[in-house]
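**Student:** What follows is the file protein_5.pdb, containing PDB, C-alpha atoms, pLDDT in the B column:
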ATOM      1  CA  MET A   1     201.987  83.789 120.612  1.00 44.00           C
ATOM      2  CA  THR A   2     198.462  83.972 122.017  1.00 42.00           C
ATOM      3  CA  ILE A   3     197.787  85.742 125.276  1.00 49.00           C
ATOM      4  CA  THR A   4     194.736  84.549 127.177  1.00 42.00           C
ATOM      5  CA  ASP A   5     193.007  86.922 129.508  1.00 47.00           C
ATOM      6  CA  PRO A   6     192.616  85.036 132.825  1.00 46.00           C
ATOM      7  CA  MET A   7     189.226  86.634 133.518  1.00 48.00           C
ATOM      8  CA  THR A   8     187.852  85.498 130.146  1.00 47.00           C
ATOM      9  CA  ALA A   9     189.331  82.026 130.496  1.00 47.00           C
ATOM     10  CA  SER A  10     187.784  81.660 133.952  1.00 49.00           C
ATOM     11  CA  ALA A  11     184.353  82.806 132.734  1.00 53.00           C
ATOM     12  CA  ASP A  12     184.517  80.435 129.746  1.00 51.00           C
ATOM     13  CA  ALA A  13     185.362  77.508 132.019  1.00 46.00           C
ATOM     14  CA  ALA A  14     182.507  78.378 134.385  1.00 52.00           C
ATOM     15  CA  ASN A  15     180.050  78.572 131.493  1.00 53.00           C
ATOM     16  CA  GLN A  16     181.157  75.189 130.187  1.00 46.00           C
ATOM     17  CA  GLU A  17     180.610  73.657 133.633  1.00 52.00           C
ATOM     18  CA  GLN A  18     176.991  74.844 133.729  1.00 72.00           C
ATOM     19  CA  THR A  19     174.640  72.300 132.254  1.00 90.00           C
ATOM     20  CA  VAL A  20     171.621  73.578 130.379  1.00 94.00           C
ATOM     21  CA  SER A  21     168.206  73.080 131.868  1.00 96.00           C
ATOM     22  CA  ARG A  22     165.209  71.676 130.018  1.00 98.00           C
ATOM     23  CA  VAL A  23     161.784  73.303 130.183  1.00 98.00           C
ATOM     24  CA  VAL A  24     158.766  71.356 128.988  1.00 98.00           C
ATOM     25  CA  TYR A  25     155.880  73.695 128.180  1.00 98.00           C
ATOM     26  CA  THR A  26     152.461  72.105 127.711  1.00 98.00           C
ATOM     27  CA  ALA A  27     149.865  74.389 126.150  1.00 97.00           C
ATOM     28  CA  ASP A  28     146.226  74.360 127.220  1.00 95.00           C
ATOM     29  CA  ASP A  29     145.426  72.402 124.030  1.00 96.00           C
ATOM     30  CA  GLY A  30     148.000  69.707 124.879  1.00 97.00           C
ATOM     31  CA  THR A  31     150.757  70.840 122.497  1.00 97.00           C
ATOM     32  CA  VAL A  32     154.164  70.177 124.045  1.00 98.00           C
ATOM     33  CA  THR A  33     157.247  72.320 123.408  1.00 98.00           C
ATOM     34  CA  GLU A  34     160.622  71.429 124.931  1.00 98.00           C
ATOM     35  CA  ILE A  35     163.330  74.086 125.150  1.00 97.00           C
ATOM     36  CA  ASP A  36     166.855  74.066 126.556  1.00 97.00           C
ATOM     37  CA  GLY A  37     167.357  77.035 128.858  1.00 97.00           C
ATOM     38  CA  ARG A  38     170.321  78.756 130.421  1.00 96.00           C
ATOM     39  CA  PRO A  39     170.789  78.464 134.167  1.00 97.00           C
ATOM     40  CA  GLY A  40     169.854  81.775 135.800  1.00 97.00           C
ATOM     41  CA  ASP A  41     167.284  82.689 133.152  1.00 97.00           C
ATOM     42  CA  SER A  42     163.618  82.483 134.058  1.00 98.00           C
ATOM     43  CA  ILE A  43     161.069  80.128 132.558  1.00 98.00           C
ATOM     44  CA  MET A  44     159.367  83.230 131.117  1.00 98.00           C
ATOM     45  CA  GLU A  45     162.563  84.561 129.500  1.00 98.00           C
ATOM     46  CA  THR A  46     163.239  81.156 127.975  1.00 98.00           C
ATOM     47  CA  ALA A  47     159.688  80.961 126.586  1.00 98.00           C
ATOM     48  CA  VAL A  48     159.629  84.471 125.130  1.00 97.00           C
ATOM     49  CA  ARG A  49     163.108  84.131 123.596  1.00 97.00           C
ATOM     50  CA  ASN A  50     162.023  80.920 121.856  1.00 97.00           C
ATOM     51  CA  GLY A  51     158.511  81.939 120.801  1.00 96.00           C
ATOM     52  CA  VAL A  52     156.660  79.521 123.059  1.00 97.00           C
ATOM     53  CA  PRO A  53     152.936  80.239 122.742  1.00 94.00           C
ATOM     54  CA  GLY A  54     150.924  80.945 125.873  1.00 95.00           C
ATOM     55  CA  ILE A  55     153.454  83.051 127.777  1.00 97.00           C
ATOM     56  CA  ILE A  56     153.392  86.775 127.034  1.00 96.00           C
ATOM     57  CA  GLY A  57     155.607  88.329 129.697  1.00 96.00           C
ATOM     58  CA  GLU A  58     154.300  91.816 128.963  1.00 96.00           C
ATOM     59  CA  CYS A  59     156.266  93.480 131.791  1.00 95.00           C
ATOM     60  CA  GLY A  60     159.518  91.739 130.876  1.00 95.00           C
ATOM     61  CA  GLY A  61     159.756  89.945 134.187  1.00 95.00           C
ATOM     62  CA  SER A  62     159.371  92.866 136.578  1.00 95.00           C
ATOM     63  CA  LEU A  63     156.502  91.185 138.456  1.00 95.00           C
ATOM     64  CA  SER A  64     153.877  93.701 137.430  1.00 94.00           C
ATOM     65  CA  CYS A  65     151.547  92.097 134.867  1.00 95.00           C
ATOM     66  CA  ALA A  66     150.795  88.381 135.563  1.00 96.00           C
ATOM     67  CA  THR A  67     150.875  87.534 131.818  1.00 97.00           C
ATOM     68  CA  CYS A  68     153.347  84.712 132.395  1.00 98.00           C
ATOM     69  CA  HIS A  69     151.077  82.632 134.632  1.00 98.00           C
ATOM     70  CA  VAL A  70     151.773  78.886 134.511  1.00 98.00           C
ATOM     71  CA  PHE A  71     150.651  75.768 136.323  1.00 98.00           C
ATOM     72  CA  VAL A  72     153.666  73.915 137.678  1.00 98.00           C
ATOM     73  CA  ALA A  73     153.652  70.116 137.395  1.00 98.00           C
ATOM     74  CA  ALA A  74     153.795  68.130 140.636  1.00 96.00           C
ATOM     75  CA  GLU A  75     157.311  66.828 139.930  1.00 95.00           C
ATOM     76  CA  THR A  76     158.560  70.404 139.496  1.00 97.00           C
ATOM     77  CA  LEU A  77     156.881  71.967 142.549  1.00 96.00           C
ATOM     78  CA  ALA A  78     159.546  70.791 144.995  1.00 93.00           C
ATOM     79  CA  LEU A  79     162.217  72.310 142.775  1.00 96.00           C
ATOM     80  CA  VAL A  80     160.618  75.752 142.370  1.00 97.00           C
ATOM     81  CA  GLY A  81     158.958  76.212 145.751  1.00 95.00           C
ATOM     82  CA  THR A  82     156.083  78.488 146.588  1.00 95.00           C
ATOM     83  CA  PRO A  83     155.518  82.072 145.445  1.00 97.00           C
ATOM     84  CA  GLY A  84     156.780  84.994 147.488  1.00 96.00           C
ATOM     85  CA  ASP A  85     154.338  87.525 148.940  1.00 97.00           C
ATOM     86  CA  LEU A  86     154.275  89.912 145.950  1.00 97.00           C
ATOM     87  CA  GLU A  87     153.996  87.071 143.437  1.00 98.00           C
ATOM     88  CA  ASP A  88     151.206  85.539 145.512  1.00 97.00           C
ATOM     89  CA  GLU A  89     149.360  88.852 145.392  1.00 97.00           C
ATOM     90  CA  MET A  90     149.879  89.150 141.612  1.00 97.00           C
ATOM     91  CA  LEU A  91     148.490  85.645 141.078  1.00 97.00           C
ATOM     92  CA  ASP A  92     145.114  86.925 142.297  1.00 96.00           C
ATOM     93  CA  GLY A  93     144.913  89.016 139.111  1.00 95.00           C
ATOM     94  CA  THR A  94     145.550  86.351 136.464  1.00 97.00           C
ATOM     95  CA  ALA A  95     143.210  85.963 133.471  1.00 96.00           C
ATOM     96  CA  VAL A  96     142.544  82.324 134.356  1.00 97.00           C
ATOM     97  CA  GLU A  97     141.775  81.525 137.974  1.00 97.00           C
ATOM     98  CA  ARG A  98     144.831  80.524 139.952  1.00 97.00           C
ATOM     99  CA  GLU A  99     145.300  77.038 141.340  1.00 97.00           C
ATOM    100  CA  GLU A 100     147.469  75.676 144.138  1.00 97.00           C
ATOM    101  CA  ASN A 101     150.279  75.033 141.639  1.00 98.00           C
ATOM    102  CA  SER A 102     150.108  78.479 139.988  1.00 98.00           C
ATOM    103  CA  ARG A 103     153.286  80.502 139.631  1.00 98.00           C
ATOM    104  CA  LEU A 104     154.436  83.444 137.536  1.00 98.00           C
ATOM    105  CA  SER A 105     157.091  82.013 135.247  1.00 98.00           C
ATOM    106  CA  CYS A 106     159.180  85.198 135.449  1.00 98.00           C
ATOM    107  CA  GLN A 107     159.888  84.313 139.074  1.00 98.00           C
ATOM    108  CA  ILE A 108     161.152  80.784 138.428  1.00 98.00           C
ATOM    109  CA  LYS A 109     164.892  80.832 137.728  1.00 98.00           C
ATOM    110  CA  LEU A 110     166.418  77.836 135.999  1.00 98.00           C
ATOM    111  CA  GLN A 111     168.989  75.829 137.908  1.00 97.00           C
ATOM    112  CA  SER A 112     171.787  74.005 136.147  1.00 96.00           C
ATOM    113  CA  GLY A 113     170.879  70.568 134.820  1.00 96.00           C
ATOM    114  CA  CYS A 114     167.257  70.561 136.018  1.00 97.00           C
ATOM    115  CA  ARG A 115     164.084  69.657 134.150  1.00 98.00           C
ATOM    116  CA  TYR A 116     160.946  71.781 134.569  1.00 98.00           C
ATOM    117  CA  HIS A 117     157.370  71.011 133.500  1.00 98.00           C
ATOM    118  CA  VAL A 118     154.765  73.780 133.261  1.00 98.00           C
ATOM    119  CA  THR A 119     151.374  74.133 131.603  1.00 98.00           C
ATOM    120  CA  THR A 120     150.150  77.432 130.215  1.00 98.00           C
ATOM    121  CA  PRO A 121     146.565  78.545 130.875  1.00 98.00           C
ATOM    122  CA  SER A 122     144.022  79.041 128.105  1.00 97.00           C
ATOM    123  CA  GLU A 123     144.570  82.808 128.178  1.00 96.00           C
ATOM    124  CA  GLN A 124     146.878  85.380 129.754  1.00 96.00           C
ATOM    125  CA  ILE A 125     145.033  88.650 129.183  1.00 89.00           C
TER
END
Written as C-alpha cells, that's how I'd like the structure from this file.
**Tutor:**
Amino acid sequence: MTITDPMTASADAANQEQTVSRVVYTADDGTVTEIDGRPGDSIMETAVRNGVPGIIGECGGSLSCATCHVFVAAETLALVGTPGDLEDEMLDGTAVEREENSRLSCQIKLQSGCRYHVTTPSEQI
C-alpha cells in the first residue's frame, strides 16, 4: 500500500499545470539561443543556468551590478513592462549605452507559457 502525502501530490499537480516559457536570446553577433525556462525564474537565471553567452549576472540577481543588461524585443515589451525606479537607475551604469528597450534580465520573471525575445549587448563589463 502506497501512502501519498497530500501536500506533495498538490505541489506535483501544480507544477505539471505550469507550462514552461521559452526565452530566445540573440547575441550581439546574431547567434540565436533558445532555452525553455521555468515560470518564476528570471531571464538572467535561465541564461546563467544554461550557459548563454552575453549575460553574466555577477550579483546573482540582487539588482546591484547591471551585468545582465538586455534589449527587449518589441513583441516582448508589453509582456515585461518598464523598469522600476532602482532598475532604471542601474541601467544608467551599463557597459553599453542603454536604449528605450533596455532592461536588466534579473528583473524579468518568466510567466507560464510565454515567449520572450531579448538581445544581449556587445559587452557587459
**Student:** To verify the selection step, state as a list in words which residues the PyMOL selection byres ((chain A and resi 57) around 10) yields on this input.
**Tutor:** Met44, Glu45, Ala47, Val48, Gly54, Ile55, Ile56, Glu58, Cys59, Gly60, Gly61, Ser62, Leu63, Ser64, Cys65, Ala66, Thr67, Cys68, His69, Leu104, Ser105, Cys106 and Gln124 of chain A
**Student:** For Thr120 (chain A), which of A:Thr31, A:Thr76, A:Gln107, A:Thr46 is the closest residue, counting all atoms listed in the file?
**Tutor:** A:Thr31
**Student:** Using the chain letters and numbers from the file, which residues does the PyMOL selection byres ((chain A and resi 114) around 12) grab, as a VMD selection string?
**Tutor:** chain A and resid 18 to 24 36 to 40 43 75 to 76 78 to 80 109 to 113 115 to 117
**Student:** Would you mind exporting the chosen residues as a PDB file, keeping the file's coordinate frame, restricted to C-alpha atoms?
**Tutor:**
ATOM      1  CA  GLN A  18     176.991  74.844 133.729  1.00 72.00           C
ATOM      2  CA  THR A  19     174.640  72.300 132.254  1.00 90.00           C
ATOM      3  CA  VAL A  20     171.621  73.578 130.379  1.00 94.00           C
ATOM      4  CA  SER A  21     168.206  73.080 131.868  1.00 96.00           C
ATOM      5  CA  ARG A  22     165.209  71.676 130.018  1.00 98.00           C
ATOM      6  CA  VAL A  23     161.784  73.303 130.183  1.00 98.00           C
ATOM      7  CA  VAL A  24     158.766  71.356 128.988  1.00 98.00           C
ATOM      8  CA  ASP A  36     166.855  74.066 126.556  1.00 97.00           C
ATOM      9  CA  GLY A  37     167.357  77.035 128.858  1.00 97.00           C
ATOM     10  CA  ARG A  38     170.321  78.756 130.421  1.00 96.00           C
ATOM     11  CA  PRO A  39     170.789  78.464 134.167  1.00 97.00           C
ATOM     12  CA  GLY A  40     169.854  81.775 135.800  1.00 97.00           C
ATOM     13  CA  ILE A  43     161.069  80.128 132.558  1.00 98.00           C
ATOM     14  CA  GLU A  75     157.311  66.828 139.930  1.00 95.00           C
ATOM     15  CA  THR A  76     158.560  70.404 139.496  1.00 97.00           C
ATOM     16  CA  ALA A  78     159.546  70.791 144.995  1.00 93.00           C
ATOM     17  CA  LEU A  79     162.217  72.310 142.775  1.00 96.00           C
ATOM     18  CA  VAL A  80     160.618  75.752 142.370  1.00 97.00           C
ATOM     19  CA  LYS A 109     164.892  80.832 137.728  1.00 98.00           C
ATOM     20  CA  LEU A 110     166.418  77.836 135.999  1.00 98.00           C
ATOM     21  CA  GLN A 111     168.989  75.829 137.908  1.00 97.00           C
ATOM     22  CA  SER A 112     171.787  74.005 136.147  1.00 96.00           C
ATOM     23  CA  GLY A 113     170.879  70.568 134.820  1.00 96.00           C
ATOM     24  CA  ARG A 115     164.084  69.657 134.150  1.00 98.00           C
ATOM     25  CA  TYR A 116     160.946  71.781 134.569  1.00 98.00           C
ATOM     26  CA  HIS A 117     157.370  71.011 133.500  1.00 98.00           C
TER      27      HIS A 117
END
**Student:** Which of these residues is nearest to Thr94 (chain A), using all atoms listed in the file: A:Ile125, A:Val52, A:Val72, A:Val118?
**Tutor:** A:Ile125
**Student:** For the PyMOL selection byres ((chain A and resi 96) around 7), applied here, can you spell out every residue it catches as an mmCIF file with C-alpha atoms, in the coordinates of the input?
**Tutor:**
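Listing of expr-v5.cif after writing:
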data_model
loop_
_atom_site.group_PDB
_atom_site.id
_atom_site.type_symbol
_atom_site.label_atom_id
_atom_site.label_comp_id
_atom_site.auth_asym_id
_atom_site.auth_seq_id
_atom_site.Cartn_x
_atom_site.Cartn_y
_atom_site.Cartn_z
ATOM 1 C CA THR A 94 145.550 86.351 136.464
ATOM 2 C CA ALA A 95 143.210 85.963 133.471
ATOM 3 C CA GLU A 97 141.775 81.525 137.974
ATOM 4 C CA ARG A 98 144.831 80.524 139.952
ATOM 5 C CA PRO A 121 146.565 78.545 130.875
ATOM 6 C CA GLU A 123 144.570 82.808 128.178
#
**Student:** Which is closest to Pro53 (chain A) among A:Ala73, A:Leu86, A:Val32, A:Ile108, if we use all atoms listed in the file?
**Tutor:** A:Val32
